[in-house]
file input11.cif (mmCIF, C-alpha atoms, pLDDT in the B column; chains and numbers go by the auth columns)
data_work
loop_
_atom_site.group_PDB
_atom_site.id
_atom_site.type_symbol
_atom_site.label_atom_id
_atom_site.label_comp_id
_atom_site.label_asym_id
_atom_site.label_seq_id
_atom_site.Cartn_x
_atom_site.Cartn_y
_atom_site.Cartn_z
_atom_site.B_iso_or_equiv
_atom_site.auth_seq_id
_atom_site.auth_asym_id
ATOM 1 C CA MET A 1 87.648 103.675 114.919 37.00 1 A
ATOM 2 C CA ALA A 2 90.400 102.486 117.272 45.00 2 A
ATOM 3 C CA GLU A 3 91.213 104.962 120.009 50.00 3 A
ATOM 4 C CA ARG A 4 94.864 105.035 118.897 63.00 4 A
ATOM 5 C CA THR A 5 93.961 106.054 115.341 66.00 5 A
ATOM 6 C CA CYS A 6 95.265 109.419 114.224 70.00 6 A
ATOM 7 C CA PRO A 7 92.374 111.900 113.843 63.00 7 A
ATOM 8 C CA VAL A 8 91.624 113.202 110.361 63.00 8 A
ATOM 9 C CA TRP A 9 92.562 116.783 111.277 55.00 9 A
ATOM 10 C CA VAL A 10 96.135 115.595 112.019 59.00 10 A
ATOM 11 C CA GLY A 11 96.272 114.270 108.449 54.00 11 A
ATOM 12 C CA TYR A 12 96.583 117.837 107.191 58.00 12 A
ATOM 13 C CA PHE A 13 99.783 118.267 109.202 63.00 13 A
ATOM 14 C CA LEU A 14 101.103 114.891 108.074 68.00 14 A
ATOM 15 C CA ALA A 15 100.527 115.798 104.418 64.00 15 A
ATOM 16 C CA SER A 16 102.139 119.223 104.753 70.00 16 A
ATOM 17 C CA PRO A 17 104.931 120.039 102.276 70.00 17 A
ATOM 18 C CA VAL A 18 106.980 121.289 105.238 68.00 18 A
ATOM 19 C CA ARG A 19 107.178 117.689 106.476 67.00 19 A
ATOM 20 C CA LYS A 20 109.381 116.914 103.461 69.00 20 A
ATOM 21 C CA LEU A 21 112.188 118.754 105.248 66.00 21 A
ATOM 22 C CA TYR A 22 112.010 116.086 107.959 78.00 22 A
ATOM 23 C CA HIS A 23 110.829 113.031 106.009 89.00 23 A
ATOM 24 C CA ASN A 24 111.556 113.314 102.303 96.00 24 A
ATOM 25 C CA PRO A 25 109.348 110.635 100.687 97.00 25 A
ATOM 26 C CA VAL A 26 111.451 110.347 97.530 96.00 26 A
ATOM 27 C CA LYS A 27 114.669 109.932 99.509 97.00 27 A
ATOM 28 C CA ILE A 28 113.077 107.360 101.821 97.00 28 A
ATOM 29 C CA LEU A 29 111.310 105.337 99.094 98.00 29 A
ATOM 30 C CA SER A 30 113.612 105.575 96.059 98.00 30 A
ATOM 31 C CA PRO A 31 115.867 102.669 97.103 98.00 31 A
ATOM 32 C CA TYR A 32 112.824 100.367 97.042 98.00 32 A
ATOM 33 C CA ILE A 33 110.284 101.595 94.471 98.00 33 A
ATOM 34 C CA LYS A 34 110.858 101.409 90.729 98.00 34 A
ATOM 35 C CA ASP A 35 108.836 102.044 87.593 98.00 35 A
ATOM 36 C CA GLY A 36 106.103 99.476 86.974 98.00 36 A
ATOM 37 C CA MET A 37 105.910 98.178 90.546 98.00 37 A
ATOM 38 C CA LYS A 38 102.757 97.477 92.524 98.00 38 A
ATOM 39 C CA VAL A 39 103.039 98.944 96.028 98.00 39 A
ATOM 40 C CA ILE A 40 100.851 99.043 99.120 98.00 40 A
ATOM 41 C CA ASP A 41 100.871 101.995 101.510 98.00 41 A
ATOM 42 C CA ILE A 42 99.330 100.890 104.802 97.00 42 A
ATOM 43 C CA GLY A 43 97.789 103.790 106.682 93.00 43 A
ATOM 44 C CA SER A 44 98.179 106.059 103.685 95.00 44 A
ATOM 45 C CA ALA A 45 96.181 108.902 105.262 91.00 45 A
ATOM 46 C CA MET A 46 96.119 111.826 102.806 88.00 46 A
ATOM 47 C CA GLY A 47 98.946 110.449 100.690 95.00 47 A
ATOM 48 C CA PHE A 48 102.186 111.979 101.947 94.00 48 A
ATOM 49 C CA PHE A 49 104.022 108.858 100.766 96.00 49 A
ATOM 50 C CA SER A 50 101.401 107.541 98.324 97.00 50 A
ATOM 51 C CA ILE A 51 101.535 110.416 95.863 97.00 51 A
ATOM 52 C CA PRO A 52 105.345 110.423 95.481 97.00 52 A
ATOM 53 C CA ALA A 53 105.221 106.607 95.265 98.00 53 A
ATOM 54 C CA ALA A 54 102.616 106.882 92.481 98.00 54 A
ATOM 55 C CA LYS A 55 104.998 109.111 90.535 98.00 55 A
ATOM 56 C CA MET A 56 107.808 106.601 91.121 98.00 56 A
ATOM 57 C CA VAL A 57 105.820 103.572 89.861 98.00 57 A
ATOM 58 C CA GLY A 58 104.875 105.455 86.700 98.00 58 A
ATOM 59 C CA LYS A 59 101.969 104.853 84.379 97.00 59 A
ATOM 60 C CA SER A 60 102.439 101.076 84.375 98.00 60 A
ATOM 61 C CA GLY A 61 102.554 100.797 88.184 98.00 61 A
ATOM 62 C CA LYS A 62 100.004 101.052 90.959 98.00 62 A
ATOM 63 C CA VAL A 63 99.918 102.182 94.599 98.00 63 A
ATOM 64 C CA VAL A 64 97.208 100.598 96.717 98.00 64 A
ATOM 65 C CA CYS A 65 96.442 103.117 99.464 98.00 65 A
ATOM 66 C CA ILE A 66 94.982 101.445 102.537 98.00 66 A
ATOM 67 C CA ASP A 67 93.340 103.386 105.328 95.00 67 A
ATOM 68 C CA LEU A 68 90.755 102.862 108.044 92.00 68 A
ATOM 69 C CA GLN A 69 89.248 106.327 107.643 90.00 69 A
ATOM 70 C CA LYS A 70 87.175 107.016 104.539 95.00 70 A
ATOM 71 C CA GLU A 71 87.687 110.760 104.944 94.00 71 A
ATOM 72 C CA MET A 72 91.466 110.302 104.687 90.00 72 A
ATOM 73 C CA LEU A 73 90.982 108.349 101.467 96.00 73 A
ATOM 74 C CA GLU A 74 88.652 111.024 100.078 96.00 74 A
ATOM 75 C CA LYS A 75 91.284 113.714 100.742 94.00 75 A
ATOM 76 C CA LEU A 76 93.936 111.477 99.193 96.00 76 A
ATOM 77 C CA GLU A 77 91.820 111.066 96.069 97.00 77 A
ATOM 78 C CA LYS A 78 91.540 114.864 95.668 96.00 78 A
ATOM 79 C CA ARG A 79 95.270 115.343 96.224 94.00 79 A
ATOM 80 C CA ALA A 80 96.130 112.537 93.758 98.00 80 A
ATOM 81 C CA ARG A 81 93.842 114.049 91.121 98.00 81 A
ATOM 82 C CA LYS A 82 95.533 117.446 91.583 97.00 82 A
ATOM 83 C CA ALA A 83 98.988 115.793 91.323 97.00 83 A
ATOM 84 C CA LYS A 84 97.842 113.976 88.150 98.00 84 A
ATOM 85 C CA VAL A 85 98.558 110.499 89.558 98.00 85 A
ATOM 86 C CA LEU A 86 95.015 109.310 90.278 98.00 86 A
ATOM 87 C CA ALA A 87 95.345 106.647 87.556 98.00 87 A
ATOM 88 C CA GLN A 88 98.207 105.086 89.545 98.00 88 A
ATOM 89 C CA ILE A 89 96.275 105.158 92.840 98.00 89 A
ATOM 90 C CA GLU A 90 93.870 102.507 94.080 98.00 90 A
ATOM 91 C CA LEU A 91 91.964 103.458 97.240 98.00 91 A
ATOM 92 C CA HIS A 92 91.232 100.687 99.704 97.00 92 A
ATOM 93 C CA HIS A 93 89.173 101.100 102.874 96.00 93 A
ATOM 94 C CA CYS A 94 90.137 98.577 105.552 94.00 94 A
ATOM 95 C CA SER A 95 88.531 97.523 108.827 90.00 95 A
ATOM 96 C CA GLU A 96 89.950 97.862 112.323 85.00 96 A
ATOM 97 C CA ASN A 97 91.088 94.245 112.358 85.00 97 A
ATOM 98 C CA LEU A 98 91.883 93.391 108.744 92.00 98 A
ATOM 99 C CA LEU A 99 93.478 95.107 105.778 96.00 99 A
ATOM 100 C CA GLY A 100 91.229 93.045 103.509 96.00 100 A
ATOM 101 C CA ILE A 101 93.809 92.532 100.759 98.00 101 A
ATOM 102 C CA ASP A 102 93.295 88.828 99.998 96.00 102 A
ATOM 103 C CA SER A 103 92.682 89.710 96.336 97.00 103 A
ATOM 104 C CA LEU A 104 96.305 90.928 96.087 98.00 104 A
ATOM 105 C CA LYS A 105 97.908 87.539 96.792 98.00 105 A
ATOM 106 C CA ASN A 106 101.471 87.407 95.369 98.00 106 A
ATOM 107 C CA GLN A 107 100.977 90.682 93.443 98.00 107 A
ATOM 108 C CA ILE A 108 102.798 93.267 95.563 98.00 108 A
ATOM 109 C CA ASP A 109 106.422 94.291 94.977 98.00 109 A
ATOM 110 C CA PHE A 110 106.828 96.553 98.020 98.00 110 A
ATOM 111 C CA ALA A 111 104.887 97.424 101.166 98.00 111 A
ATOM 112 C CA LEU A 112 105.177 100.520 103.351 98.00 112 A
ATOM 113 C CA ALA A 113 103.901 100.948 106.894 98.00 113 A
ATOM 114 C CA PHE A 114 105.084 104.361 108.067 96.00 114 A
ATOM 115 C CA ALA A 115 104.072 105.494 111.569 92.00 115 A
ATOM 116 C CA VAL A 116 100.963 103.335 111.562 93.00 116 A
ATOM 117 C CA LEU A 117 101.608 99.892 113.061 95.00 117 A
ATOM 118 C CA HIS A 118 101.384 101.219 116.626 91.00 118 A
ATOM 119 C CA GLU A 119 97.779 102.204 115.829 88.00 119 A
ATOM 120 C CA MET A 120 96.790 98.699 114.736 89.00 120 A
ATOM 121 C CA ASN A 121 94.752 96.392 116.951 86.00 121 A
ATOM 122 C CA ASN A 122 96.512 93.246 115.708 92.00 122 A
ATOM 123 C CA VAL A 123 99.918 93.763 114.099 95.00 123 A
ATOM 124 C CA SER A 124 100.343 90.025 113.587 96.00 124 A
ATOM 125 C CA ASN A 125 97.271 89.993 111.303 96.00 125 A
ATOM 126 C CA VAL A 126 98.739 92.887 109.322 96.00 126 A
ATOM 127 C CA PHE A 127 102.034 91.063 108.761 98.00 127 A
ATOM 128 C CA ASN A 128 100.191 87.877 107.829 98.00 128 A
ATOM 129 C CA GLU A 129 98.070 89.678 105.208 98.00 129 A
ATOM 130 C CA VAL A 130 101.011 91.632 103.811 98.00 130 A
ATOM 131 C CA ASN A 131 103.148 88.511 103.577 98.00 131 A
ATOM 132 C CA LYS A 132 100.458 86.810 101.482 98.00 132 A
ATOM 133 C CA ALA A 133 100.170 89.863 99.211 98.00 133 A
ATOM 134 C CA LEU A 134 103.901 90.206 98.600 98.00 134 A
ATOM 135 C CA LYS A 135 105.677 88.413 95.796 98.00 135 A
ATOM 136 C CA PRO A 136 108.505 86.106 96.938 96.00 136 A
ATOM 137 C CA ASN A 137 111.556 87.994 98.274 94.00 137 A
ATOM 138 C CA SER A 138 109.699 91.307 98.171 98.00 138 A
ATOM 139 C CA LYS A 139 110.329 93.896 100.827 98.00 139 A
ATOM 140 C CA MET A 140 108.422 95.844 103.436 98.00 140 A
ATOM 141 C CA LEU A 141 109.631 99.023 105.100 98.00 141 A
ATOM 142 C CA ILE A 142 108.301 99.731 108.559 98.00 142 A
ATOM 143 C CA ALA A 143 108.979 102.895 110.528 98.00 143 A
ATOM 144 C CA GLU A 144 107.543 104.069 113.817 97.00 144 A
ATOM 145 C CA PRO A 145 107.944 107.459 115.526 94.00 145 A
ATOM 146 C CA ALA A 146 110.776 107.094 118.059 95.00 146 A
ATOM 147 C CA GLY A 147 109.292 109.640 120.453 87.00 147 A
ATOM 148 C CA HIS A 148 105.950 107.858 120.470 88.00 148 A
ATOM 149 C CA VAL A 149 106.877 104.172 120.233 95.00 149 A
ATOM 150 C CA THR A 150 109.388 102.660 122.656 96.00 150 A
ATOM 151 C CA LYS A 151 112.238 100.418 121.512 97.00 151 A
ATOM 152 C CA GLU A 152 110.619 97.582 123.449 97.00 152 A
ATOM 153 C CA ALA A 153 107.295 98.066 121.637 96.00 153 A
ATOM 154 C CA PHE A 154 109.133 98.205 118.302 98.00 154 A
ATOM 155 C CA GLU A 155 110.899 94.929 119.169 97.00 155 A
ATOM 156 C CA LEU A 156 107.480 93.341 119.775 97.00 156 A
ATOM 157 C CA THR A 157 106.423 94.567 116.322 97.00 157 A
ATOM 158 C CA LEU A 158 109.557 93.041 114.780 98.00 158 A
ATOM 159 C CA ASN A 159 108.876 89.763 116.602 97.00 159 A
ATOM 160 C CA ALA A 160 105.380 89.721 115.104 97.00 160 A
ATOM 161 C CA SER A 161 106.920 90.139 111.640 98.00 161 A
ATOM 162 C CA LEU A 162 109.331 87.245 112.228 97.00 162 A
ATOM 163 C CA LYS A 163 106.456 84.988 113.279 97.00 163 A
ATOM 164 C CA ASN A 164 104.756 85.805 109.963 97.00 164 A
ATOM 165 C CA ASN A 165 107.577 84.718 107.640 97.00 165 A
ATOM 166 C CA PHE A 166 109.542 87.943 107.397 98.00 166 A
ATOM 167 C CA LYS A 167 113.200 88.463 108.111 98.00 167 A
ATOM 168 C CA VAL A 168 114.899 91.735 109.009 98.00 168 A
ATOM 169 C CA ILE A 169 117.456 92.621 106.340 98.00 169 A
ATOM 170 C CA GLY A 170 118.270 96.178 107.312 98.00 170 A
ATOM 171 C CA GLU A 171 117.681 99.131 109.569 97.00 171 A
ATOM 172 C CA PRO A 172 117.471 102.193 107.321 98.00 172 A
ATOM 173 C CA GLU A 173 118.184 105.470 109.042 96.00 173 A
ATOM 174 C CA ILE A 174 115.010 107.520 108.993 96.00 174 A
ATOM 175 C CA ARG A 175 115.026 110.700 111.009 95.00 175 A
ATOM 176 C CA GLY A 176 113.116 110.440 114.299 95.00 176 A
ATOM 177 C CA SER A 177 112.073 106.871 113.562 97.00 177 A
ATOM 178 C CA LEU A 178 112.632 103.300 114.604 98.00 178 A
ATOM 179 C CA SER A 179 112.785 101.460 111.303 98.00 179 A
ATOM 180 C CA ALA A 180 113.393 98.094 109.712 98.00 180 A
ATOM 181 C CA LEU A 181 113.514 96.723 106.207 98.00 181 A
ATOM 182 C CA LEU A 182 111.850 93.335 106.058 98.00 182 A
ATOM 183 C CA GLU A 183 111.917 90.690 103.371 98.00 183 A
ATOM 184 C CA LYS A 184 109.363 87.981 102.730 97.00 184 A
ATOM 185 C CA LYS A 185 110.945 84.576 103.331 91.00 185 A
#

call {"tool": "encode", "arguments": {"input": "input11.cif", "output": "structure tokens"}}
result
Amino acid sequence: MAERTCPVWVGYFLASPVRKLYHNPVKILSPYIKDGMKVIDIGSAMGFFSIPAAKMVGKSGKVVCIDLQKEMLEKLEKRARKAKVLAQIELHHCSENLLGIDSLKNQIDFALAFAVLHEMNNVSNVFNEVNKALKPNSKMLIAEPAGHVTKEAFELTLNASLKNNFKVIGEPEIRGSLSALLEKK
């Protein structure tokens, strides 16, 4: 596991219902996710965003939850079962260097990377894989914790997205975050 990867025990805090007071998943995701969509949640952890997204995509949609840590995915599976959205969830274990989503080429309607890109060894690879998975003109929301990631580091992340056929189409206001809405060119 990369040394920057969030430990599993922190996942319990990240999945806490109290966090909704700070980052309301429905409010953040509802402009982008609709019924029937296929979504990827990169660094899904225990499903703070994945479970609400699964409710938003409905029975005909799917949320592919990607995480490096199997234990996070196991906890997510239990939480999704309890929330009665396991049928809309697809768990995907990735490696340190690749998401491993080649099988999703041109299938994804929306991608989310919330407070995770700064943990990645090669952000350019991530953007390359996501771009291939997204349908034309689909969007990706990225957000990084402002107190943890500098504006300069976030700019480097945005530059990596531009080099991988994305364009920045917005900067949604997300509390305590540096964020950008990207679109596949």

call {"tool": "resolve_selection", "arguments": {"input": "input11.cif", "expression": "the PyMOL selection byres ((chain A and resi 157) around 12)", "output": "PyMOL selection string"}}
result
chain A and resi 113+116-127+142-144+149-156+158-164+166+168+178-180+182

call {"tool": "resolve_selection", "arguments": {"input": "input11.cif", "expression": "the PyMOL selection byres ((chain A and resi 73) around 9)", "output": "PyMOL selection string"}}
result
chain A and resi 44-47+65-72+74-78+91-93

call {"tool": "residues_near_point", "arguments": {"input": "input11.cif", "point": "(114.3, 99.6, 103.8)", "cutoff": "6 Å", "atoms": "only C-alpha atoms", "output": "list in words"}}
result
Leu141, Pro172 and Leu181 of chain A

call {"tool": "closest_residue", "arguments": {"input": "input11.cif", "among": "A:Val26, A:Cys6, A:Val85, A:Ala111", "to": "Lys38 of chain A", "atoms": "only C-alpha atoms"}}
result
A:Ala111

call {"tool": "closest_residue", "arguments": {"input": "input11.cif", "among": "A:Lys132, A:Lys27, A:Arg175, A:Arg79", "to": "Met56 of chain A", "atoms": "all atoms listed in the file"}}
result
A:Lys27

call {"tool": "atom_distance", "arguments": {"input": "input11.cif", "atom1": "atom CA of Glu183 of chain A", "atom2": "atom CA of Lys139 of chain A"}}
result
4.4 Å

call {"tool": "atom_distance", "arguments": {"input": "input11.cif", "atom1": "atom CA of Leu86 of chain A", "atom2": "atom CA of Leu99 of chain A"}}
result
21.1 Å

call {"tool": "closest_residue", "arguments": {"input": "input11.cif", "among": "A:Glu173, A:Phe49, A:Gly58, A:Ile40", "to": "Pro17 of chain A", "atoms": "all atoms listed in the file"}}
result
A:Phe49

call {"tool": "resolve_selection", "arguments": {"input": "input11.cif", "expression": "the PyMOL selection byres ((chain A and resi 136) around 9)", "output": "list in words"}}
result
Asn106, Asp109, Asn131, Leu134, Lys135, Asn137, Ser138, Lys139, Glu183, Lys184 and Lys185 of chain A

call {"tool": "atom_distance", "arguments": {"input": "input11.cif", "atom1": "atom CA of Glu129 of chain A", "atom2": "atom CA of Ile101 of chain A"}}
result
6.8 Å

call {"tool": "closest_residue", "arguments": {"input": "input11.cif", "among": "A:Asn165, A:Ser95, A:Gln107, A:Asn24", "to": "Lys62 of chain A", "atoms": "only C-alpha atoms"}}
result
A:Gln107

call {"tool": "residues_around", "arguments": {"input": "input11.cif", "residues": "Lys59 of chain A", "least_positions_apart": "5", "cutoff": "8 Å", "atoms": "only C-alpha atoms", "output": "PyMOL selection string"}}
result
chain A and resi 36+87-88

call {"tool": "closest_residue", "arguments": {"input": "input11.cif", "among": "A:Leu104, A:Val63, A:Ile28, A:Phe48", "to": "Ser16 of chain A", "atoms": "only C-alpha atoms"}}
result
A:Phe48

call {"tool": "closest_residue", "arguments": {"input": "input11.cif", "among": "A:Pro31, A:Pro145, A:Gly61, A:Pro52", "to": "Ile174 of chain A", "atoms": "all atoms listed in the file"}}
result
A:Pro145
